[in-house]
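What follows is a short report on a single structure.
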Amino acid sequence: MPRHLPVLPNQPASSLNKDGTRNFVHPADVSGRFTNVRWVVFAVLMVIYLVLPLIQIGGRPAVFLDVEHRRFFLFGGSFNAQDFWLVFFLLTGIAFVLIVVTTLWGRVWCGYACPQTVFLEGVYRRIERFVEGPRNERMKRNAGPWNASKTGRKIAKHALFVLFSLFFSHFFLSYFVSLPSLLDMMQRPPSEHPQAFAWMAVMSVILYGNFAWFREQLCLIICPYGRLQSTLTDRDTLVIGYDVGRGEPRGKKKPLSARDPEQARRLVSSPSGEGTDGDVPEVGDCVDCGRCVHVCPTGIDIRNGLQLECIGCAACVDACDDVMTKLKRPTGLIRYDSQRRFDDPSIPKKIFRPRLLIYVAVFVAWVVGMVFALRSHEPFAANLLRPPGGTPYVVEDDLVRNTVQVHLVNKTDHDVTYHLEPVEDPAVPFEYVLPMPEVELAGGADRHVPVIVRLPEDAMRRGLMVRLRVRAEDGDTPRELTATFLGPLR
Ligand code: SF4
Ligand code: SF4
């Protein structure tokens, strides 16, 4: 028996009918060990998503992206717009982890942890199942005429969808405005906070449209991650696949493997029957019951081979294991395995391979870089600048004058007073004029503070440096700022 089924030509995408219309997928209920694991993961992730804005660390939400004031708070750390490179660093790191995970375990992210899957399977499909019943009932009712029962159930389902979408969009908004502000806004009319209200409304419509109607289309059409699978995985990546050698030819008859699995395995690895007693199995283990197709949330038949639409949810594994168990045959006809082992189950699993070692090396470099980046993160920034458009220097009454600005940024979330003072050098007769030697800045605020420096013209020479020290009252390490003093050179 060949271990690959022939490629099926001109097959439409699983969610399309041949005439191009949408083939709305109605996955059947499934239970099993992977489904149980998914439920636990869904529950944990949902709690995390919903609880993060509620947890207070240092008087701020654990995750608070304060867009209005261009600052963000992550697990007790406060960052502002100048720290955006850190976010970029963090996001690239997360993307990289995803690449490594995909190389090892295929689309485990899509099937177990992607918010699209978590909320679709964990909430919206549960509601649908609760209101409209199991797959067959839903499909039968959909195909039937509109009556009181159908209309009532549809209205109830969509009302619940809208309600949950509103609930989730409010939580989503709380990541950006903080929960106390959100609760405050909810008690006031939308006209007092039109922008936040508009965001909430748009988000609710998107969530409702996505989870009520668009569903798996997001994974198939929009999500770029699924498109990258062929570049991220290799033949040793753990994927969900169908054991063609064991399952084919599919049919209802009692397979040889049920009588003698070992003999069936020998026959499979020697399709001609060479080396055996010539007994070729009439049918394989697949009884063609269609359960693996019915439970698939993207509507594909995994028996046709690894497909772009497969999100690695393992529902078909649980469904087929259940069928095999009932038939008293070995489970694992559909299972997690590498493509190489689907072709030849006798070869050992291979985890370490060159691409993975390279990924791990790059990941370690990223972790080291991230640690250095976080350690270099400072609670205030101070830079010495020249005012834009100003003259470099002015000569007046035999004095050379430079005007500079100290740009101060308070990156913390509380008020801090900063002290500015010149760093005197007895060898250089600079005269410093500081109109604002003390500057109080609110958390996240910044300010340009002018400083005038004068020098007798006859003391002017090349390489003179203006030196200022900035001290934060909350005890952070003082900074010394320098800039070249400009003037006419003799
Ligand atoms: S669930 Fe298993 S036995 Fe049933 S059609 Fe799918 S592969 Fe064949
Ligand atoms: S083929 Fe199996 S693993 Fe892939 S999406 Fe369908 S049910 Fe999930």
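The chains in the structure tokens are called A, B, ... from first to last as shown; in each chain the residues are counted from 1, and the ligands are counted from 1 in the order shown.
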**Request:** Could you give me, as a PyMOL selection string, each residue of stretch 239-470 of chain A that DSSP assigns to strand (DSSP E or B) when run on this structure's backbone?
**Result:** chain A and resi 239-242+334-338+380-385+394-396+399-410+416-422+431-433+438-441+446-456+465-470
**Request:** Excluding stretch 336-345 of chain A and any residue of its chain fewer than 6 positions from it, enumerate the residues within 7 Å of it, using only C-alpha atoms, and give them as a PyMOL selection string.
**Result:** chain A and resi 3+235-241+243
**Asked** Got a sec: who's within 9 Å of A:Ile127, counting only C-alpha atoms, leaving out chain neighbours fewer than 4 positions off, as a PyMOL selection string?
**Response** chain A and resi 123+131-132+157+160-161
Residues from last step as file, N, CA and C atoms, as a PDB file, in the first residue's frame:
ATOM      1  N   VAL A 123     -15.983  29.795  23.666  1.00  0.00           N
ATOM      2  CA  VAL A 123     -17.165  30.591  24.031  1.00  0.00           C
ATOM      3  C   VAL A 123     -18.257  30.500  22.958  1.00  0.00           C
ATOM      4  N   VAL A 131     -27.555  26.607  22.334  1.00  0.00           N
ATOM      5  CA  VAL A 131     -28.846  27.121  21.853  1.00  0.00           C
ATOM      6  C   VAL A 131     -29.404  26.264  20.712  1.00  0.00           C
ATOM      7  N   GLU A 132     -28.530  25.819  19.805  1.00  0.00           N
ATOM      8  CA  GLU A 132     -29.031  25.164  18.589  1.00  0.00           C
ATOM      9  C   GLU A 132     -28.832  23.653  18.559  1.00  0.00           C
ATOM     10  N   LYS A 157     -29.399  32.998  19.951  1.00  0.00           N
ATOM     11  CA  LYS A 157     -27.962  32.773  19.729  1.00  0.00           C
ATOM     12  C   LYS A 157     -27.259  34.090  19.406  1.00  0.00           C
ATOM     13  N   LEU A 160     -26.975  36.453  22.315  1.00  0.00           N
ATOM     14  CA  LEU A 160     -25.873  36.066  23.216  1.00  0.00           C
ATOM     15  C   LEU A 160     -24.516  36.414  22.597  1.00  0.00           C
ATOM     16  N   PHE A 161     -24.399  36.194  21.293  1.00  0.00           N
ATOM     17  CA  PHE A 161     -23.149  36.558  20.605  1.00  0.00           C
ATOM     18  C   PHE A 161     -22.863  38.051  20.788  1.00  0.00           C
TER      19      PHE A 161
END
Rows by chain and residue number, chain A within 6 Å of ligand 2, shortest pair, only C-alpha atoms and all ligand atoms, as a Markdown table:
| residue | atom | partner | partner_atom_place_in_ligand_line | distance |
| --- | --- | --- | --- | --- |
| A:Ile240 | CA | ligand 2 | 3 (S) | 5.8 |
| A:Val295 | CA | ligand 2 | 7 (S) | 5.9 |
| A:Cys296 | CA | ligand 2 | 7 (S) | 3.5 |
| A:Pro297 | CA | ligand 2 | 5 (S) | 5.7 |
| A:Thr298 | CA | ligand 2 | 5 (S) | 5.5 |
| A:Ile300 | CA | ligand 2 | 6 (Fe) | 5.7 |
| A:Ile302 | CA | ligand 2 | 1 (S) | 4.6 |
| A:Cys310 | CA | ligand 2 | 4 (Fe) | 3.6 |
| A:Ile311 | CA | ligand 2 | 5 (S) | 4.3 |
| A:Gly312 | CA | ligand 2 | 3 (S) | 3.8 |
| A:Cys313 | CA | ligand 2 | 8 (Fe) | 3.9 |
| A:Ala314 | CA | ligand 2 | 3 (S) | 4.0 |
| A:Ala315 | CA | ligand 2 | 7 (S) | 4.4 |
| A:Cys316 | CA | ligand 2 | 2 (Fe) | 4.2 |
**Request:** Rank A:Gly299, A:Ala95, A:Phe79, A:Val362 by their smallest atom-to-atom distance to A:Leu220, using only C-alpha atoms, and report the top residue only.
**Result:**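 So, comparing all the options, the nearest one is A:Gly299.
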**Site check for ligand 1: residues at most 6 Å away, only C-alpha atoms and all ligand atoms, as a ChimeraX atom specification** = /A:286-292,319-320
Write the selection just made, keeping N, CA and C atoms, as a CSV table (one decimal), in the first residue's frame?
chain,number,residue,atom,x,y,z
A,286,CYS,N,-9.1,2.2,8.3
A,286,CYS,CA,-10.1,3.3,8.2
A,286,CYS,C,-11.5,2.8,7.7
A,287,VAL,N,-12.5,2.9,8.5
A,287,VAL,CA,-13.8,2.4,8.2
A,287,VAL,C,-14.6,3.5,7.4
A,288,ASP,N,-13.9,4.6,7.1
A,288,ASP,CA,-14.6,5.6,6.3
A,288,ASP,C,-15.9,6.1,6.9
A,289,CYS,N,-15.8,6.3,8.2
A,289,CYS,CA,-17.0,6.7,9.0
A,289,CYS,C,-17.2,8.2,8.8
A,290,GLY,N,-16.1,9.0,8.5
A,290,GLY,CA,-16.3,10.4,8.3
A,290,GLY,C,-16.2,11.2,9.5
A,291,ARG,N,-16.0,10.6,10.7
A,291,ARG,CA,-16.0,11.3,12.0
A,291,ARG,C,-14.9,12.4,12.0
A,292,CYS,N,-13.7,12.0,11.4
A,292,CYS,CA,-12.6,13.0,11.4
A,292,CYS,C,-12.9,14.2,10.6
A,319,ALA,N,-11.4,12.1,17.6
A,319,ALA,CA,-12.5,11.4,17.0
A,319,ALA,C,-12.2,10.0,16.5
A,320,CYS,N,-11.0,9.9,15.8
A,320,CYS,CA,-10.6,8.7,15.2
A,320,CYS,C,-10.2,7.7,16.3
**Prompt:** If you count only C-alpha atoms, which residues fall within 12 Å of A:Arg129, apart from same-chain ones fewer than 2 positions away, as a PyMOL selection string?
**Reply:** chain A and resi 26-29+120-127+131-139+153-154+157
**Item:** Given only C-alpha atoms as the counted atoms, nearest of A:Val406, A:Ala361, A:Val449, A:Leu420 to A:Arg469
**Value:**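 Closest residue, counting only C-alpha atoms: A:Leu420.
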**Prompt:** Taking only C-alpha atoms into account, which of A:Arg490, A:Arg454, A:Arg461, A:His419 comes nearest A:Asp397?
**Reply:**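 Looking only at the distances to A:Asp397, the closest residue turns out to be A:Arg454.
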**Request:** Pick out the residues sitting within 12 Å of A:Val177, and hand them over as a VMD selection string; count only C-alpha atoms, and ignore anything fewer than 4 positions along from it in its own chain.
**Result:** chain A and resid 53 60 to 61 63 to 73 170 to 173 181 to 186 193 195 to 197 199 to 200
Output file for the selection above: N, CA and C atoms, as a compact mmCIF listing (two decimals), in the first residue's frame:
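Generated file (result-v6.txt):
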# COMPACT_ATOMS: atom_id res chain seq x y z
N PRO A 53 -5.96 43.01 33.16
CA PRO A 53 -6.21 44.43 33.47
C PRO A 53 -6.68 44.65 34.90
N ARG A 60 -0.62 50.07 39.47
CA ARG A 60 -1.04 50.13 38.06
C ARG A 60 -1.49 48.74 37.62
N PRO A 61 -2.35 48.67 36.59
CA PRO A 61 -2.71 47.34 36.07
C PRO A 61 -1.46 46.60 35.57
N VAL A 63 -0.99 44.95 32.95
CA VAL A 63 -0.76 45.33 31.55
C VAL A 63 -1.67 46.52 31.24
N PHE A 64 -1.08 47.65 30.95
CA PHE A 64 -1.85 48.86 30.68
C PHE A 64 -1.12 49.63 29.58
N LEU A 65 -1.76 49.69 28.41
CA LEU A 65 -1.17 50.39 27.26
C LEU A 65 -1.85 51.76 27.17
N ASP A 66 -1.29 52.72 27.86
CA ASP A 66 -1.90 54.05 27.98
C ASP A 66 -1.60 54.84 26.70
N VAL A 67 -2.42 54.61 25.68
CA VAL A 67 -2.17 55.22 24.36
C VAL A 67 -2.29 56.74 24.45
N GLU A 68 -3.26 57.22 25.22
CA GLU A 68 -3.50 58.66 25.29
C GLU A 68 -2.24 59.40 25.75
N HIS A 69 -1.55 58.85 26.74
CA HIS A 69 -0.35 59.52 27.25
C HIS A 69 0.93 58.90 26.72
N ARG A 70 0.82 58.08 25.72
CA ARG A 70 1.95 57.44 25.04
C ARG A 70 2.91 56.78 26.03
N ARG A 71 2.38 55.96 26.92
CA ARG A 71 3.22 55.19 27.83
C ARG A 71 2.55 53.85 28.09
N PHE A 72 3.32 52.91 28.57
CA PHE A 72 2.72 51.62 28.84
C PHE A 72 3.34 51.01 30.09
N PHE A 73 2.56 50.19 30.74
CA PHE A 73 2.96 49.58 32.01
C PHE A 73 2.89 48.07 31.85
N HIS A 170 -15.31 45.46 25.90
CA HIS A 170 -15.06 46.32 27.05
C HIS A 170 -13.77 45.90 27.76
N PHE A 171 -13.59 44.59 27.90
CA PHE A 171 -12.36 44.12 28.53
C PHE A 171 -11.14 44.51 27.71
N PHE A 172 -11.30 44.37 26.39
CA PHE A 172 -10.20 44.73 25.50
C PHE A 172 -9.85 46.21 25.67
N LEU A 173 -10.88 47.04 25.77
CA LEU A 173 -10.67 48.48 25.93
C LEU A 173 -9.97 48.78 27.25
N SER A 181 -10.97 53.69 34.82
CA SER A 181 -11.46 54.68 33.84
C SER A 181 -12.62 54.10 33.04
N LEU A 182 -12.49 52.81 32.69
CA LEU A 182 -13.56 52.18 31.91
C LEU A 182 -14.87 52.17 32.70
N LEU A 183 -14.78 51.77 33.96
CA LEU A 183 -16.00 51.72 34.79
C LEU A 183 -16.59 53.12 34.93
N ASP A 184 -15.71 54.10 35.05
CA ASP A 184 -16.18 55.49 35.14
C ASP A 184 -16.89 55.90 33.85
N MET A 185 -16.28 55.56 32.71
CA MET A 185 -16.89 55.92 31.41
C MET A 185 -18.24 55.26 31.23
N MET A 186 -18.33 54.02 31.70
CA MET A 186 -19.59 53.28 31.50
C MET A 186 -20.76 53.91 32.25
N HIS A 193 -17.16 60.66 26.09
CA HIS A 193 -15.92 59.94 25.72
C HIS A 193 -16.16 59.27 24.35
N GLN A 195 -14.45 58.94 21.59
CA GLN A 195 -13.42 58.10 20.94
C GLN A 195 -13.44 56.68 21.53
N ALA A 196 -13.42 56.63 22.86
CA ALA A 196 -13.41 55.30 23.51
C ALA A 196 -14.68 54.54 23.14
N PHE A 197 -15.79 55.25 23.08
CA PHE A 197 -17.06 54.59 22.74
C PHE A 197 -17.00 54.04 21.31
N TRP A 199 -14.32 53.16 19.63
CA TRP A 199 -13.44 51.99 19.61
C TRP A 199 -14.18 50.76 20.12
N MET A 200 -14.91 50.95 21.21
CA MET A 200 -15.63 49.81 21.79
C MET A 200 -16.68 49.28 20.79
**helix (DSSP H, G or I) residues, from DSSP on the backbone, in stretch 120-364 of chain A, as a VMD selection string** = chain A and resid 120 to 132 135 to 143 148 to 177 179 to 186 190 to 192 194 to 214 216 to 222 224 to 227 229 to 232 244 to 247 256 to 259 261 to 269 291 to 294 302 to 304 315 to 326 339 to 343 354 to 364
**Request:** Would you work out the distance separating atom CA of A:Val433 from atom CA of A:Val451, expressed in Å to one decimal?
**Result:**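 So the answer is 6.0 Å.
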**Message:** So that I can check the surroundings of A:Arg467, please list as a ChimeraX atom specification every protein, DNA and RNA residue that reaches within 10 Å of it, counting only C-alpha atoms and ignoring chain neighbours fewer than 6 positions away.
**Reply:** /A:384,421-425,430,432,453,480-485
With C-alpha atoms retained, could you export that selection as a compact mmCIF listing (two decimals), in the first residue's frame?
# COMPACT_ATOMS: atom_id res chain seq x y z
CA LEU A 384 21.50 68.15 25.92
CA GLU A 421 23.61 72.08 38.10
CA PRO A 422 26.74 72.99 36.16
CA VAL A 423 29.84 70.86 36.48
CA GLU A 424 32.43 73.57 37.05
CA ASP A 425 35.95 73.38 35.65
CA PHE A 430 32.17 79.49 31.97
CA TYR A 432 26.11 79.21 33.57
CA VAL A 453 26.37 79.47 28.94
CA GLU A 480 26.30 64.12 33.31
CA LEU A 481 25.49 65.81 30.03
CA THR A 482 28.04 67.38 27.71
CA ALA A 483 27.94 69.47 24.56
CA THR A 484 30.62 71.30 22.59
CA PHE A 485 30.78 75.03 23.31
**Asked** Nearest to A:Asp321 among A:His158, A:Arg303, A:Arg33, A:Arg479, with distances taken over only C-alpha atoms: which residue is it?
**Response**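 Checking each candidate against A:Asp321, we get A:Arg33 as the closest.
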**Request:** Go through A:Gly226, A:Gly390, A:Pro426, A:Gly444 and flag the residue nearest A:Lys411, using only C-alpha atoms for the distances.
**Result:**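 Ranked by minimum distance to A:Lys411, first place goes to A:Gly444.
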**Request:** Choose the residue, out of A:His414, A:Arg462, A:Arg355, A:Lys328, that has the smallest atom-to-atom separation from A:Ala442; count only C-alpha atoms.
**Result:** A:His414
